[in-house]
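Q: So I've got this file, target_27.pdb, and it contains PDB, C-alpha atoms:
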```pdb
ATOM      1  CA  MET A   1      10.221  42.040  81.759  1.00  0.00           C
ATOM      2  CA  TYR A   2       7.026  43.308  83.386  1.00  0.00           C
ATOM      3  CA  PHE A   3       5.697  41.965  86.685  1.00  0.00           C
ATOM      4  CA  TYR A   4       2.026  42.212  87.524  1.00  0.00           C
ATOM      5  CA  PRO A   5       0.506  42.138  91.022  1.00  0.00           C
ATOM      6  CA  TRP A   6      -1.051  38.716  90.522  1.00  0.00           C
ATOM      7  CA  GLY A   7       2.367  37.174  89.868  1.00  0.00           C
ATOM      8  CA  LEU A   8       2.343  37.008  86.062  1.00  0.00           C
ATOM      9  CA  TYR A   9       5.050  38.455  83.919  1.00  0.00           C
ATOM     10  CA  LEU A  10       5.683  38.978  80.237  1.00  0.00           C
ATOM     11  CA  CYS A  11       9.175  38.869  78.828  1.00  0.00           C
ATOM     12  CA  SER A  12      10.219  41.653  76.460  1.00  0.00           C
ATOM     13  CA  VAL A  13       6.722  42.945  75.742  1.00  0.00           C
ATOM     14  CA  GLU A  14       6.067  46.649  75.833  1.00  0.00           C
ATOM     15  CA  LYS A  15       3.475  47.555  78.463  1.00  0.00           C
ATOM     16  CA  ASN A  16       1.186  49.406  76.070  1.00  0.00           C
ATOM     17  CA  LYS A  17       0.945  46.577  73.501  1.00  0.00           C
ATOM     18  CA  LYS A  18      -1.883  44.073  73.194  1.00  0.00           C
ATOM     19  CA  LEU A  19      -1.051  40.471  72.425  1.00  0.00           C
ATOM     20  CA  ILE A  20      -2.840  38.313  69.899  1.00  0.00           C
ATOM     21  CA  LEU A  21      -2.333  34.583  70.306  1.00  0.00           C
ATOM     22  CA  PHE A  22      -3.353  32.674  67.195  1.00  0.00           C
ATOM     23  CA  ASP A  23      -3.238  29.168  65.752  1.00  0.00           C
ATOM     24  CA  GLY A  24       0.069  29.280  63.911  1.00  0.00           C
ATOM     25  CA  VAL A  25      -0.713  26.390  61.557  1.00  0.00           C
ATOM     26  CA  CYS A  26      -4.204  27.557  60.532  1.00  0.00           C
ATOM     27  CA  ASN A  27      -4.428  29.263  57.132  1.00  0.00           C
ATOM     28  CA  LEU A  28      -7.488  31.283  58.226  1.00  0.00           C
ATOM     29  CA  CYS A  29      -5.735  32.458  61.393  1.00  0.00           C
ATOM     30  CA  ASN A  30      -2.533  33.356  59.528  1.00  0.00           C
ATOM     31  CA  GLY A  31      -4.571  35.287  56.979  1.00  0.00           C
ATOM     32  CA  ALA A  32      -6.363  37.123  59.787  1.00  0.00           C
ATOM     33  CA  VAL A  33      -3.039  38.056  61.419  1.00  0.00           C
ATOM     34  CA  GLN A  34      -1.702  39.373  58.100  1.00  0.00           C
ATOM     35  CA  TYR A  35      -4.917  41.392  57.711  1.00  0.00           C
ATOM     36  CA  ILE A  36      -4.516  42.823  61.230  1.00  0.00           C
ATOM     37  CA  VAL A  37      -0.828  43.658  60.706  1.00  0.00           C
ATOM     38  CA  LYS A  38      -1.685  45.709  57.591  1.00  0.00           C
ATOM     39  CA  ARG A  39      -4.377  47.682  59.440  1.00  0.00           C
ATOM     40  CA  ASP A  40      -2.543  48.160  62.738  1.00  0.00           C
ATOM     41  CA  LYS A  41      -1.488  51.718  61.883  1.00  0.00           C
ATOM     42  CA  LYS A  42      -1.107  52.647  65.561  1.00  0.00           C
ATOM     43  CA  ASP A  43       1.219  49.645  66.198  1.00  0.00           C
ATOM     44  CA  ILE A  44      -0.977  48.349  69.015  1.00  0.00           C
ATOM     45  CA  PHE A  45      -0.564  44.597  68.582  1.00  0.00           C
ATOM     46  CA  ARG A  46       2.105  41.974  69.092  1.00  0.00           C
ATOM     47  CA  TYR A  47       1.607  38.378  67.988  1.00  0.00           C
ATOM     48  CA  ALA A  48       2.504  34.858  69.073  1.00  0.00           C
ATOM     49  CA  ALA A  49       1.387  31.447  67.930  1.00  0.00           C
ATOM     50  CA  LEU A  50      -0.568  29.399  70.450  1.00  0.00           C
ATOM     51  CA  GLN A  51       1.959  26.621  69.770  1.00  0.00           C
ATOM     52  CA  SER A  52       5.006  28.775  70.598  1.00  0.00           C
ATOM     53  CA  LYS A  53       6.759  28.661  73.960  1.00  0.00           C
ATOM     54  CA  ILE A  54       5.604  32.183  74.852  1.00  0.00           C
ATOM     55  CA  GLY A  55       2.071  31.367  73.663  1.00  0.00           C
ATOM     56  CA  GLU A  56       1.930  28.242  75.815  1.00  0.00           C
ATOM     57  CA  LYS A  57       3.344  30.164  78.770  1.00  0.00           C
ATOM     58  CA  LEU A  58       0.786  32.989  78.475  1.00  0.00           C
ATOM     59  CA  ILE A  59      -2.045  30.465  78.179  1.00  0.00           C
ATOM     60  CA  ALA A  60      -0.850  28.511  81.217  1.00  0.00           C
ATOM     61  CA  GLU A  61      -0.410  31.678  83.316  1.00  0.00           C
ATOM     62  CA  ARG A  62      -4.045  32.567  82.695  1.00  0.00           C
ATOM     63  CA  GLY A  63      -5.398  29.042  83.126  1.00  0.00           C
ATOM     64  CA  ILE A  64      -7.019  29.058  79.668  1.00  0.00           C
ATOM     65  CA  ASP A  65      -8.368  25.689  78.565  1.00  0.00           C
ATOM     66  CA  THR A  66      -7.220  25.353  74.955  1.00  0.00           C
ATOM     67  CA  SER A  67      -9.614  22.463  74.376  1.00  0.00           C
ATOM     68  CA  ASN A  68     -12.350  25.135  74.493  1.00  0.00           C
ATOM     69  CA  VAL A  69     -10.375  28.047  73.019  1.00  0.00           C
ATOM     70  CA  ASP A  70      -7.942  27.068  70.324  1.00  0.00           C
ATOM     71  CA  SER A  71      -7.966  29.766  67.695  1.00  0.00           C
ATOM     72  CA  ILE A  72      -7.603  33.354  68.993  1.00  0.00           C
ATOM     73  CA  ILE A  73      -6.906  35.019  72.313  1.00  0.00           C
ATOM     74  CA  LEU A  74      -6.417  38.745  72.888  1.00  0.00           C
ATOM     75  CA  ILE A  75      -4.400  39.667  75.963  1.00  0.00           C
ATOM     76  CA  GLU A  76      -4.340  43.204  77.298  1.00  0.00           C
ATOM     77  CA  PRO A  77      -1.429  42.893  79.765  1.00  0.00           C
ATOM     78  CA  GLY A  78      -2.290  43.929  83.271  1.00  0.00           C
ATOM     79  CA  ILE A  79      -5.970  44.253  82.378  1.00  0.00           C
ATOM     80  CA  ALA A  80      -7.675  41.124  81.030  1.00  0.00           C
ATOM     81  CA  TYR A  81      -7.797  38.591  78.249  1.00  0.00           C
ATOM     82  CA  PHE A  82     -10.550  37.947  75.714  1.00  0.00           C
ATOM     83  CA  VAL A  83     -11.406  34.868  73.680  1.00  0.00           C
ATOM     84  CA  LYS A  84     -13.487  33.892  70.673  1.00  0.00           C
ATOM     85  CA  SER A  85     -15.916  36.549  69.413  1.00  0.00           C
ATOM     86  CA  ASP A  86     -15.014  39.002  72.190  1.00  0.00           C
ATOM     87  CA  ALA A  87     -11.367  38.907  71.066  1.00  0.00           C
ATOM     88  CA  ALA A  88     -12.254  39.312  67.388  1.00  0.00           C
ATOM     89  CA  LEU A  89     -14.591  42.257  68.064  1.00  0.00           C
ATOM     90  CA  ARG A  90     -12.097  44.045  70.317  1.00  0.00           C
ATOM     91  CA  ILE A  91      -9.353  43.638  67.719  1.00  0.00           C
ATOM     92  CA  GLY A  92     -11.611  45.055  64.999  1.00  0.00           C
ATOM     93  CA  GLN A  93     -12.566  48.050  67.105  1.00  0.00           C
ATOM     94  CA  GLU A  94      -8.887  49.020  67.498  1.00  0.00           C
ATOM     95  CA  PHE A  95      -8.636  49.812  63.770  1.00  0.00           C
ATOM     96  CA  GLY A  96     -10.880  52.847  64.243  1.00  0.00           C
ATOM     97  CA  GLY A  97     -12.983  54.444  61.528  1.00  0.00           C
ATOM     98  CA  LEU A  98     -15.827  52.296  60.272  1.00  0.00           C
ATOM     99  CA  TRP A  99     -14.372  49.356  62.186  1.00  0.00           C
ATOM    100  CA  LYS A 100     -15.691  50.945  65.389  1.00  0.00           C
ATOM    101  CA  GLY A 101     -19.080  49.830  64.066  1.00  0.00           C
ATOM    102  CA  VAL A 102     -18.331  46.190  64.880  1.00  0.00           C
ATOM    103  CA  ALA A 103     -19.229  47.174  68.445  1.00  0.00           C
ATOM    104  CA  ILE A 104     -22.852  46.736  67.404  1.00  0.00           C
ATOM    105  CA  PHE A 105     -22.271  42.970  67.392  1.00  0.00           C
ATOM    106  CA  THR A 106     -21.593  43.082  71.138  1.00  0.00           C
ATOM    107  CA  TRP A 107     -25.352  43.592  71.493  1.00  0.00           C
ATOM    108  CA  ILE A 108     -25.846  40.058  70.219  1.00  0.00           C
ATOM    109  CA  PRO A 109     -25.696  37.705  73.203  1.00  0.00           C
ATOM    110  CA  LYS A 110     -22.249  36.167  73.595  1.00  0.00           C
ATOM    111  CA  VAL A 111     -23.655  32.641  73.466  1.00  0.00           C
ATOM    112  CA  PHE A 112     -24.893  33.245  69.888  1.00  0.00           C
ATOM    113  CA  ARG A 113     -21.746  35.083  68.757  1.00  0.00           C
ATOM    114  CA  ASP A 114     -19.543  32.333  70.148  1.00  0.00           C
ATOM    115  CA  ALA A 115     -21.691  29.611  68.558  1.00  0.00           C
ATOM    116  CA  VAL A 116     -20.964  31.099  65.116  1.00  0.00           C
ATOM    117  CA  TYR A 117     -17.320  31.589  66.062  1.00  0.00           C
ATOM    118  CA  ASP A 118     -17.064  27.963  67.245  1.00  0.00           C
ATOM    119  CA  LEU A 119     -18.621  26.687  64.019  1.00  0.00           C
ATOM    120  CA  VAL A 120     -15.965  28.444  61.953  1.00  0.00           C
ATOM    121  CA  ALA A 121     -13.160  27.482  64.370  1.00  0.00           C
ATOM    122  CA  LYS A 122     -14.211  23.827  64.346  1.00  0.00           C
ATOM    123  CA  ASN A 123     -14.132  23.693  60.545  1.00  0.00           C
ATOM    124  CA  ARG A 124     -11.251  26.081  59.848  1.00  0.00           C
ATOM    125  CA  TYR A 125      -8.751  23.392  58.810  1.00  0.00           C
ATOM    126  CA  ARG A 126     -11.237  21.705  56.496  1.00  0.00           C
ATOM    127  CA  TRP A 127     -12.446  24.961  54.925  1.00  0.00           C
ATOM    128  CA  PHE A 128      -9.178  26.927  54.778  1.00  0.00           C
ATOM    129  CA  GLY A 129      -6.417  24.351  55.172  1.00  0.00           C
ATOM    130  CA  LYS A 130      -3.540  23.864  57.551  1.00  0.00           C
ATOM    131  CA  LYS A 131       0.219  24.459  57.364  1.00  0.00           C
ATOM    132  CA  ASP A 132       2.825  21.948  58.480  1.00  0.00           C
ATOM    133  CA  ALA A 133       4.526  24.568  60.663  1.00  0.00           C
ATOM    134  CA  CYS A 134       3.854  28.002  62.106  1.00  0.00           C
ATOM    135  CA  MET A 135       4.332  30.973  59.796  1.00  0.00           C
ATOM    136  CA  ILE A 136       7.691  32.717  59.776  1.00  0.00           C
ATOM    137  CA  PRO A 137       7.328  36.510  59.726  1.00  0.00           C
ATOM    138  CA  THR A 138       9.276  38.571  57.240  1.00  0.00           C
ATOM    139  CA  PRO A 139      12.376  40.327  58.633  1.00  0.00           C
ATOM    140  CA  GLU A 140      10.550  43.685  58.805  1.00  0.00           C
ATOM    141  CA  LEU A 141       7.710  42.120  60.835  1.00  0.00           C
ATOM    142  CA  GLN A 142       9.824  40.021  63.217  1.00  0.00           C
ATOM    143  CA  ALA A 143       9.764  42.683  65.957  1.00  0.00           C
ATOM    144  CA  LYS A 144       5.965  42.298  66.152  1.00  0.00           C
ATOM    145  CA  PHE A 145       6.118  38.528  66.748  1.00  0.00           C
ATOM    146  CA  LEU A 146       7.069  37.014  70.077  1.00  0.00           C
ATOM    147  CA  VAL A 147       8.925  33.724  70.128  1.00  0.00           C
TER     148      VAL A 147
END
```
Show the structure stored in the file as structure tokens.

A:
Amino acid sequence: MYFYPWGLYLCSVEKNKKLILFDGVCNLCNGAVQYIVKRDKKDIFRYAALQSKIGEKLIAERGIDTSNVDSIILIEPGIAYFVKSDAALRIGQEFGGLWKGVAIFTWIPKVFRDAVYDLVAKNRYRWFGKKDACMIPTPELQAKFLV
């Protein structure tokens, strides 16, 4: 367990890991997490569904309004959290190589980036479908998922 000066703590999360909270029933979000897992060669990320107990706890601790942000949140413990397009761009940049080039999109004003993000997020169930329950990671990936 890690305790941070502002009173928040994370159970059984390594200090140097970044947390991705995602919509566990969204096919697009699950596909994105699988994509990230395959490219996370430096083992930077840990994952939790927004609907999980730990996901709900992390959201509540940060006072995030899930009626405005309901698809992806990147938490860098002890530093900050990022939502919507900021989260997606920061995750992409961690892959290195050509992925560092996604930083160019940060030059686009956040209001425009988030408008596109919100359009996709609003329609993600209709366009990509929805599961009845959160995904269950394979045994070899279970250590990367917080429950």

Q: What does the distance between atom CA of A:Val111 and atom CA of A:Glu56 come to in Å, to one decimal place?

A: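 Atom-to-atom, atom CA of A:Val111 and atom CA of A:Glu56 are spaced 26.1 Å apart.
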
Q: Select, from A:Arg124, A:Lys41, A:Lys18, A:Lys144, the residue with the minimum atom-to-atom distance to A:Ala80, counting all atoms listed in the file.

A: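 Answer, going by the shortest atom-to-atom distance: A:Lys18.
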
Q: Within 9 Å of stretch 88-93 of chain A, counting only C-alpha atoms, which residues qualify if same-chain residues fewer than 2 places away don't, as a list in words?

A: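 Once the adjacent positions are removed, what remains is Ile20, Ile36, Phe45, Ile72, Ile73, Leu74, Phe82, Val83, Lys84, Ser85, Asp86, Phe95, Gly96, Gly97, Leu98, Trp99, Lys100, Gly101, Val102, Ala103, Phe105 and Thr106 of chain A.
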
Q: Would you save the residues from that selection as a PDB file, in the frame of the given file, using C-alpha atoms?

A:
```pdb
ATOM      1  CA  ILE A  20      -2.840  38.313  69.899  1.00  0.00           C
ATOM      2  CA  ILE A  36      -4.516  42.823  61.230  1.00  0.00           C
ATOM      3  CA  PHE A  45      -0.564  44.597  68.582  1.00  0.00           C
ATOM      4  CA  ILE A  72      -7.603  33.354  68.993  1.00  0.00           C
ATOM      5  CA  ILE A  73      -6.906  35.019  72.313  1.00  0.00           C
ATOM      6  CA  LEU A  74      -6.417  38.745  72.888  1.00  0.00           C
ATOM      7  CA  PHE A  82     -10.550  37.947  75.714  1.00  0.00           C
ATOM      8  CA  VAL A  83     -11.406  34.868  73.680  1.00  0.00           C
ATOM      9  CA  LYS A  84     -13.487  33.892  70.673  1.00  0.00           C
ATOM     10  CA  SER A  85     -15.916  36.549  69.413  1.00  0.00           C
ATOM     11  CA  ASP A  86     -15.014  39.002  72.190  1.00  0.00           C
ATOM     12  CA  PHE A  95      -8.636  49.812  63.770  1.00  0.00           C
ATOM     13  CA  GLY A  96     -10.880  52.847  64.243  1.00  0.00           C
ATOM     14  CA  GLY A  97     -12.983  54.444  61.528  1.00  0.00           C
ATOM     15  CA  LEU A  98     -15.827  52.296  60.272  1.00  0.00           C
ATOM     16  CA  TRP A  99     -14.372  49.356  62.186  1.00  0.00           C
ATOM     17  CA  LYS A 100     -15.691  50.945  65.389  1.00  0.00           C
ATOM     18  CA  GLY A 101     -19.080  49.830  64.066  1.00  0.00           C
ATOM     19  CA  VAL A 102     -18.331  46.190  64.880  1.00  0.00           C
ATOM     20  CA  ALA A 103     -19.229  47.174  68.445  1.00  0.00           C
ATOM     21  CA  PHE A 105     -22.271  42.970  67.392  1.00  0.00           C
ATOM     22  CA  THR A 106     -21.593  43.082  71.138  1.00  0.00           C
TER      23      THR A 106
END
```

Q: What is the atom CA of A:Cys26 to atom CA of A:Phe112 distance in Å?

A: 23.4 Å

Q: A:Lys130: which residues within 6 Å, counting only C-alpha atoms, same-chain residues fewer than 2 positions away excluded, as a ChimeraX atom specification?

A: /A:25-27,125

Q: Go ahead and compute the interatomic distance for atom CA of A:Lys131 and atom CA of A:Asn68, in Å to one decimal.

A: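 According to the coordinates, atom CA of A:Lys131 and atom CA of A:Asn68 are separated by 21.3 Å.
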
Q: Name all residues at most 12 Å from A:Leu50 (count all atoms listed in the file; drop same-chain ones fewer than 3 positions away) and give them as a PyMOL selection string.

A: chain A and resi 19-26+29-30+47+53-60+64-66+69-74+134-135+145-147

Q: Ranking A:Lys15, A:Trp127, A:Ala49, A:Ala87 by minimum distance to A:Asp114 and counting only C-alpha atoms, which one comes first?

A: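 Result for the nearest residue to A:Asp114: A:Ala87.
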
Q: Nearest to A:Val33: which of A:Lys17, A:Glu76, A:Leu141, A:Ala121 is it, counting all atoms listed in the file?

A: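 Under the stated criterion, the closest residue is A:Leu141.
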
Q: Go through A:Leu28, A:Ala115, A:Ile104, A:Arg46 and flag the residue nearest A:Ile75, using all atoms listed in the file for the distances.

A: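 Under the stated criterion, the closest residue is A:Arg46.
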
Q: So, counting all atoms listed in the file, which residue among A:Arg62, A:Gly31, A:Trp107, A:Arg126 is closest to A:Ile79?

A: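 Checking each candidate against A:Ile79, we get A:Arg62 as the closest.
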